[in-house]
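Asks: Structure file data.pdb (PDB, C-alpha atoms) is given on the next line.
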```pdb
ATOM      1  CA  MET A 204      35.503  37.749  73.401
ATOM      2  CA  LYS A 205      32.825  39.899  75.029
ATOM      3  CA  ILE A 206      33.941  43.206  76.474
ATOM      4  CA  PRO A 207      32.126  43.934  79.728
ATOM      5  CA  ILE A 208      30.185  47.188  79.875
ATOM      6  CA  LEU A 209      29.378  48.268  83.427
ATOM      7  CA  ARG A 210      26.766  50.681  84.623
ATOM      8  CA  LEU A 211      27.447  53.227  87.312
ATOM      9  CA  LYS A 212      24.268  55.234  87.915
ATOM     10  CA  ASP A 213      23.594  57.067  84.632
ATOM     11  CA  ILE A 214      26.983  56.360  83.109
ATOM     12  CA  LEU A 215      28.420  53.289  81.424
ATOM     13  CA  LEU A 216      32.043  52.267  81.865
ATOM     14  CA  THR A 217      33.936  49.941  79.595
ATOM     15  CA  SER A 218      37.551  49.056  79.061
ATOM     16  CA  ILE A 219      38.988  47.353  75.977
ATOM     17  CA  GLN A 220      41.570  44.965  77.432
ATOM     18  CA  VAL A 221      42.329  42.689  74.494
ATOM     19  CA  ASP A 222      43.622  43.089  70.966
ATOM     20  CA  LEU A 223      40.394  42.965  68.941
ATOM     21  CA  THR A 224      39.845  41.582  65.472
ATOM     22  CA  ASP A 225      37.798  43.810  63.150
ATOM     23  CA  GLU A 226      34.741  41.683  63.731
ATOM     24  CA  GLU A 227      35.095  41.791  67.517
ATOM     25  CA  ALA A 228      35.471  45.561  67.285
ATOM     26  CA  LEU A 229      32.231  45.790  65.312
ATOM     27  CA  GLU A 230      30.525  43.584  67.857
ATOM     28  CA  PHE A 231      31.743  45.890  70.617
ATOM     29  CA  GLN A 232      30.301  48.864  68.718
ATOM     30  CA  SER A 233      26.890  47.272  68.450
ATOM     31  CA  ASP A 234      26.983  46.163  72.117
ATOM     32  CA  VAL A 235      27.700  49.734  73.196
ATOM     33  CA  LEU A 236      24.732  51.068  71.230
ATOM     34  CA  THR A 237      22.366  48.339  72.394
ATOM     35  CA  ILE A 238      23.282  48.753  76.050
ATOM     36  CA  ILE A 239      22.986  52.542  75.885
ATOM     37  CA  ASN A 240      19.569  52.125  74.364
ATOM     38  CA  ASN A 241      18.465  49.533  76.918
ATOM     39  CA  THR A 242      19.782  51.287  79.995
ATOM     40  CA  GLU A 243      19.045  54.833  78.815
ATOM     41  CA  ALA A 244      22.509  55.765  80.010
ATOM     42  CA  LYS A 245      23.327  59.439  79.632
ATOM     43  CA  GLY A 246      26.941  58.831  78.838
ATOM     44  CA  ILE A 247      29.697  56.291  78.338
ATOM     45  CA  VAL A 248      33.424  56.285  79.058
ATOM     46  CA  ILE A 249      35.526  53.948  76.906
ATOM     47  CA  ASP A 250      38.939  53.189  78.355
ATOM     48  CA  ILE A 251      41.590  52.178  75.805
ATOM     49  CA  THR A 252      44.624  52.052  78.120
ATOM     50  CA  ALA A 253      45.364  48.465  77.117
ATOM     51  CA  LEU A 254      45.068  49.058  73.357
ATOM     52  CA  ASP A 255      48.581  49.179  71.968
ATOM     53  CA  VAL A 256      47.556  49.462  68.309
ATOM     54  CA  VAL A 257      44.878  51.793  66.979
ATOM     55  CA  ASP A 258      45.122  51.582  63.211
ATOM     56  CA  SER A 259      42.945  53.405  60.689
ATOM     57  CA  TYR A 260      40.191  50.798  60.988
ATOM     58  CA  MET A 261      39.995  50.979  64.780
ATOM     59  CA  ALA A 262      40.247  54.772  64.691
ATOM     60  CA  ARG A 263      37.356  54.958  62.255
ATOM     61  CA  LEU A 264      35.337  52.537  64.341
ATOM     62  CA  LEU A 265      35.893  54.570  67.518
ATOM     63  CA  ASN A 266      34.947  57.754  65.658
ATOM     64  CA  GLU A 267      31.812  56.184  64.264
ATOM     65  CA  THR A 268      30.831  54.710  67.614
ATOM     66  CA  ALA A 269      31.132  58.150  69.189
ATOM     67  CA  SER A 270      28.939  59.713  66.486
ATOM     68  CA  MET A 271      26.353  56.969  66.860
ATOM     69  CA  VAL A 272      26.231  57.360  70.636
ATOM     70  CA  GLN A 273      25.696  61.094  70.229
ATOM     71  CA  ILE A 274      22.974  60.634  67.648
ATOM     72  CA  LEU A 275      21.224  58.316  70.086
ATOM     73  CA  GLY A 276      21.282  61.174  72.577
ATOM     74  CA  SER A 277      24.070  60.112  74.900
ATOM     75  CA  GLU A 278      27.618  61.372  75.479
ATOM     76  CA  VAL A 279      30.935  59.620  75.028
ATOM     77  CA  VAL A 280      34.517  60.115  76.135
ATOM     78  CA  ILE A 281      37.489  57.921  75.242
ATOM     79  CA  CYS A 282      40.231  57.806  77.831
ATOM     80  CA  GLY A 283      43.663  56.407  78.518
ATOM     81  CA  MET A 284      45.196  56.443  75.059
ATOM     82  CA  GLN A 285      48.834  55.297  75.110
ATOM     83  CA  PRO A 286      51.301  58.065  74.166
ATOM     84  CA  SER A 287      52.750  55.953  71.353
ATOM     85  CA  VAL A 288      49.242  55.379  69.966
ATOM     86  CA  ALA A 289      48.555  59.129  69.989
ATOM     87  CA  LEU A 290      51.858  59.693  68.220
ATOM     88  CA  THR A 291      51.113  57.068  65.575
ATOM     89  CA  LEU A 292      47.596  58.372  64.911
ATOM     90  CA  VAL A 293      48.811  61.915  64.382
ATOM     91  CA  GLU A 294      51.636  60.763  62.129
ATOM     92  CA  MET A 295      49.202  58.764  60.025
ATOM     93  CA  GLY A 296      46.830  61.687  59.606
ATOM     94  CA  ARG A 297      45.212  64.133  61.932
ATOM     95  CA  GLU A 298      41.638  63.406  60.886
ATOM     96  CA  LEU A 299      41.706  60.003  62.495
ATOM     97  CA  ILE A 300      40.545  60.981  65.929
ATOM     98  CA  GLY A 301      37.704  63.453  66.311
ATOM     99  CA  VAL A 302      36.333  62.085  69.543
ATOM    100  CA  LYS A 303      36.365  63.703  72.978
ATOM    101  CA  THR A 304      39.293  62.236  74.878
ATOM    102  CA  ALA A 305      40.655  62.354  78.419
ATOM    103  CA  LEU A 306      43.959  61.341  79.972
ATOM    104  CA  ASN A 307      42.573  58.747  82.341
ATOM    105  CA  LEU A 308      39.387  57.229  83.688
ATOM    106  CA  ASP A 309      39.124  59.794  86.451
ATOM    107  CA  GLN A 310      39.173  62.719  84.038
ATOM    108  CA  GLY A 311      37.091  60.833  81.506
ATOM    109  CA  PHE A 312      34.354  60.350  84.062
ATOM    110  CA  GLU A 313      34.429  64.020  84.998
ATOM    111  CA  MET A 314      34.332  65.056  81.359
ATOM    112  CA  VAL A 315      31.377  62.877  80.457
ATOM    113  CA  GLN A 316      29.516  64.174  83.503
ATOM    114  CA  HIS A 317      30.208  67.694  82.305
ATOM    115  CA  LEU A 318      28.970  66.897  78.784
ATOM    116  CA  ILE A 319      25.784  65.422  80.229
ATOM    117  CA  ASP A 320      25.193  68.547  82.325
ATOM    118  CA  GLU A 321      25.738  70.728  79.269
ATOM    119  CA  ARG A 322      23.295  68.756  77.182
ATOM    120  CA  GLY A 323      20.705  68.944  79.926
ATOM    121  CA  SER A 324      20.757  72.716  80.245
TER     122      SER A 324
ATOM    123  CA  MET B 263      68.789  36.372  61.953
ATOM    124  CA  GLU B 264      65.297  36.194  63.291
ATOM    125  CA  LYS B 265      62.366  35.756  60.928
ATOM    126  CA  VAL B 266      58.647  35.091  61.259
ATOM    127  CA  THR B 267      56.295  34.273  58.441
ATOM    128  CA  GLY B 268      52.608  33.591  58.340
ATOM    129  CA  ALA B 269      49.635  33.187  56.069
ATOM    130  CA  ILE B 270      47.043  35.951  55.916
ATOM    131  CA  LYS B 271      43.697  34.241  55.600
ATOM    132  CA  GLY B 272      41.459  35.782  58.191
ATOM    133  CA  GLN B 273      41.055  38.631  60.644
ATOM    134  CA  TYR B 274      42.882  36.778  63.331
ATOM    135  CA  ASP B 275      46.036  36.728  61.202
ATOM    136  CA  VAL B 276      45.997  40.539  61.173
ATOM    137  CA  VAL B 277      46.110  40.516  64.987
ATOM    138  CA  LYS B 278      48.802  37.820  65.016
ATOM    139  CA  ALA B 279      51.004  39.619  62.475
ATOM    140  CA  ARG B 280      50.884  42.945  64.315
ATOM    141  CA  GLN B 281      51.655  41.265  67.636
ATOM    142  CA  GLU B 282      54.617  39.410  66.139
ATOM    143  CA  ALA B 283      55.914  42.622  64.559
ATOM    144  CA  ARG B 284      55.737  44.400  67.905
ATOM    145  CA  GLU B 285      57.434  41.546  69.699
ATOM    146  CA  MET B 286      60.353  41.516  67.286
ATOM    147  CA  ALA B 287      60.725  45.289  67.525
ATOM    148  CA  ARG B 288      60.725  45.051  71.316
ATOM    149  CA  ASN B 289      63.253  42.217  71.316
ATOM    150  CA  LEU B 290      65.606  44.154  69.065
ATOM    151  CA  GLY B 291      65.507  47.162  71.356
ATOM    152  CA  PHE B 292      63.177  49.550  69.532
ATOM    153  CA  GLY B 293      61.317  51.964  71.792
ATOM    154  CA  SER B 294      57.559  51.917  72.292
ATOM    155  CA  ALA B 295      56.939  54.555  69.581
ATOM    156  CA  ASP B 296      58.728  52.473  66.939
ATOM    157  CA  GLN B 297      57.088  49.282  68.195
ATOM    158  CA  THR B 298      53.685  50.902  67.752
ATOM    159  CA  ARG B 299      54.563  52.388  64.343
ATOM    160  CA  LEU B 300      55.645  49.007  63.014
ATOM    161  CA  ALA B 301      52.728  47.102  64.560
ATOM    162  CA  THR B 302      50.263  49.648  63.140
ATOM    163  CA  ALA B 303      51.864  49.551  59.678
ATOM    164  CA  VAL B 304      51.763  45.742  59.627
ATOM    165  CA  SER B 305      48.143  45.842  60.769
ATOM    166  CA  GLU B 306      47.192  48.167  57.884
ATOM    167  CA  LEU B 307      48.999  46.121  55.247
ATOM    168  CA  THR B 308      47.710  42.728  56.360
ATOM    169  CA  ARG B 309      44.158  44.080  56.602
ATOM    170  CA  ASN B 310      44.460  45.354  53.022
ATOM    171  CA  VAL B 311      45.144  41.771  51.992
ATOM    172  CA  ILE B 312      41.993  40.519  53.739
ATOM    173  CA  GLN B 313      39.868  43.307  52.268
ATOM    174  CA  HIS B 314      41.155  43.321  48.706
ATOM    175  CA  ALA B 315      42.754  39.977  48.018
ATOM    176  CA  SER B 316      41.270  37.569  50.587
ATOM    177  CA  ASN B 317      44.586  35.841  51.257
ATOM    178  CA  GLY B 318      48.327  36.328  51.175
ATOM    179  CA  MET B 319      51.372  36.091  53.398
ATOM    180  CA  TYR B 320      53.717  38.143  55.545
ATOM    181  CA  ILE B 321      57.403  37.877  56.352
ATOM    182  CA  ILE B 322      58.878  39.918  59.180
ATOM    183  CA  SER B 323      62.626  39.722  59.470
ATOM    184  CA  ASP B 324      65.524  41.122  61.402
ATOM    185  CA  ASN B 325      67.626  42.926  58.792
ATOM    186  CA  SER B 326      70.182  44.425  61.148
ATOM    187  CA  ASP B 327      73.802  44.940  60.168
ATOM    188  CA  GLN B 328      76.808  46.405  61.956
ATOM    189  CA  GLN B 329      75.562  49.987  61.757
ATOM    190  CA  LEU B 330      71.802  49.630  61.910
ATOM    191  CA  ILE B 331      69.170  47.734  63.800
ATOM    192  CA  ALA B 332      66.456  47.140  61.229
ATOM    193  CA  ILE B 333      63.232  45.219  60.749
ATOM    194  CA  GLN B 334      61.734  44.552  57.378
ATOM    195  CA  ALA B 335      58.160  43.440  56.790
ATOM    196  CA  VAL B 336      56.997  42.095  53.452
ATOM    197  CA  VAL B 337      53.283  41.618  52.799
ATOM    198  CA  GLU B 338      52.234  40.008  49.546
ATOM    199  CA  ASP B 339      49.093  38.670  47.942
ATOM    200  CA  ASN B 340      47.733  37.291  44.705
ATOM    201  CA  GLY B 341      44.761  39.608  44.582
ATOM    202  CA  PRO B 342      43.635  41.854  41.748
ATOM    203  CA  GLY B 343      46.528  44.286  42.188
ATOM    204  CA  ILE B 344      46.404  48.063  42.631
ATOM    205  CA  PRO B 345      45.450  49.708  39.333
ATOM    206  CA  ASP B 346      46.769  53.151  40.220
ATOM    207  CA  ILE B 347      49.481  53.106  42.880
ATOM    208  CA  GLU B 348      49.940  56.864  42.874
ATOM    209  CA  LYS B 349      46.253  57.328  43.580
ATOM    210  CA  ALA B 350      46.271  54.637  46.278
ATOM    211  CA  LEU B 351      48.995  56.581  48.067
ATOM    212  CA  GLU B 352      46.968  59.789  48.104
ATOM    213  CA  TYR B 353      45.567  60.611  51.501
ATOM    214  CA  GLY B 354      41.793  60.232  51.572
ATOM    215  CA  TYR B 355      41.535  58.024  48.506
ATOM    216  CA  THR B 356      39.596  54.847  49.129
ATOM    217  CA  THR B 357      37.893  52.186  47.058
ATOM    218  CA  LYS B 358      36.396  50.311  49.984
ATOM    219  CA  ARG B 359      34.690  51.659  53.044
ATOM    220  CA  GLY B 360      37.856  53.061  54.556
ATOM    221  CA  LEU B 361      39.245  56.370  55.681
ATOM    222  CA  GLY B 362      41.720  56.311  52.847
ATOM    223  CA  ALA B 363      44.463  56.600  55.441
ATOM    224  CA  GLY B 364      45.719  53.015  55.240
ATOM    225  CA  LEU B 365      48.489  53.087  52.636
ATOM    226  CA  PRO B 366      49.511  56.754  52.854
ATOM    227  CA  GLY B 367      49.326  56.504  56.650
ATOM    228  CA  THR B 368      51.511  53.416  56.632
ATOM    229  CA  LYS B 369      54.035  55.161  54.433
ATOM    230  CA  ARG B 370      54.331  57.967  56.965
ATOM    231  CA  LEU B 371      55.021  55.556  59.812
ATOM    232  CA  VAL B 372      58.031  53.740  58.398
ATOM    233  CA  ASN B 373      61.528  54.622  57.205
ATOM    234  CA  ASN B 374      61.263  52.759  53.960
ATOM    235  CA  PHE B 375      58.204  51.922  51.881
ATOM    236  CA  GLU B 376      58.129  50.132  48.544
ATOM    237  CA  ILE B 377      55.181  48.872  46.605
ATOM    238  CA  GLU B 378      55.031  46.632  43.614
ATOM    239  CA  SER B 379      51.751  45.670  42.027
ATOM    240  CA  ARG B 380      50.382  44.092  38.899
ATOM    241  CA  PRO B 381      47.211  42.101  38.253
ATOM    242  CA  GLY B 382      47.553  38.938  40.305
ATOM    243  CA  TYR B 383      50.404  40.082  42.529
ATOM    244  CA  THR B 384      50.985  42.845  45.035
ATOM    245  CA  LYS B 385      53.970  43.173  47.325
ATOM    246  CA  VAL B 386      54.549  45.896  49.895
ATOM    247  CA  THR B 387      57.895  46.111  51.662
ATOM    248  CA  ILE B 388      58.412  48.347  54.673
ATOM    249  CA  SER B 389      61.193  48.749  57.154
ATOM    250  CA  ILE B 390      62.118  50.634  60.279
ATOM    251  CA  ALA B 391      65.688  51.179  61.360
ATOM    252  CA  LYS B 392      67.777  52.896  63.992
ATOM    253  CA  LYS B 393      71.471  53.413  64.553
ATOM    254  CA  ARG B 394      73.209  50.872  66.688
ATOM    255  CA  ARG B 395      74.622  52.144  69.962
ATOM    256  CA  TYR B 396      77.922  50.625  70.882
ATOM    257  CA  MET B 397      78.899  50.000  74.461
ATOM    258  CA  ARG B 398      82.107  51.747  75.299
TER     259      ARG B 398
END
```
Go ahead and render the structure in this file as structure tokens.
Replies:
Amino acid sequence: MKIPILRLKDILLTSIQVDLTDEEALEFQSDVLTIINNTEAKGIVIDITALDVVDSYMARLLNETASMVQILGSEVVICGMQPSVALTLVEMGRELIGVKTALNLDQGFEMVQHLIDERGS
Amino acid sequence: MEKVTGAIKGQYDVVKARQEAREMARNLGFGSADQTRLATAVSELTRNVIQHASNGMYIISDNSDQQLIAIQAVVEDNGPGIPDIEKALEYGYTTKRGLGAGLPGTKRLVNNFEIESRPGYTKVTISIAKKRRYMR
């Protein structure tokens, strides 16, 4: 199951719409990095509205993906986390999410734009 | 009494088990927070089987009685066992490439958590419960 990653000017947009196996999640991570590298995108917004479980593996993978994107020289924002997912992650342990997050795609887009501007100056 | 069981052999079984857990929680009237807690806990436990024991099985059952609505999930395997359970339940302790949040995190999500392990057999039993509301 390939997750589409769309390009809108300098920014990539992607939305995880299916329940991923660990391997599919890893594949998604490597796709994100490859496409950022190929398109020289300045930022990416990852929408997780449809993810109803983010366990410690997925949390770690999202964290790592964010770090990797930043090391490459791009910016990342995760948006649309379900309230019950946020609740579960915090109950499991606060360290699980260290990524920049936004309430929805609209705010995620604005935030990534802001991060790009900051990096540029 | 509703009950689902399944083998844990591959990554896809982790996805299947957590979806079945959520579905049962939803059907029994648990709210979305409890549905997510249970699904996440089942996901952690079944993944542990794949990572440490390669295969095992899960049983998710409706354990409700007159006072409580309850779901129990049992995850067992014939892997090497957990040498030091106390250590495995410490936050941040990991033997594989994990966050070390799996078992202790799972424990925090559920109302009841029991673990039994010896070389060749590990069984983790968890449950979530809520008081029944009677119609007047």
Asks: With the file shown as input, list the residues that the PyMOL selection byres ((chain B) within 9 of (chain A)) selects, as a ChimeraX atom specification.
Replies: /B:273-277,280-281,294-299,301-303,305-306,309,353,360-364,366-371
Asks: Name the residues that the PyMOL selection byres ((chain B and resi 336) around 6) picks from the file above, as JSON, numbers by chain, using the file's chain letters and numbers.
Replies: {"B": [320, 321, 335, 337, 386, 387]}
Asks: May I have the residues at most 6 Å from (33.4, 50.5, 63.5) in the file's coordinates, counting all atoms listed in the file, as a list in words?
Replies: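 So the residues meeting the distance criterion are Leu229, Leu264 and Glu267 of chain A.
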Asks: Spell out the residues picked by the PyMOL selection byres ((chain B and resi 315) around 12) here, as a count of residues only.
Replies: 28
Asks: Could you state the separation of CA of Thr304 in chain A and CA of Asn373 in chain B in Å, given to one decimal place?
Replies: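 Calculated distance between CA of Thr304 in chain A and CA of Asn373 in chain B is 29.4 Å.
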Asks: By how many Å are CA of Asn240 in chain A and CA of Ala305 in chain A apart?
Replies: 23.8 Å
Asks: Grab the CA of Ile322 in chain B to CA of Leu254 in chain A distance for me, in Å with one decimal place.
Replies: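 Atom-to-atom, CA of Ile322 in chain B to CA of Leu254 in chain A, that is 21.8 Å.
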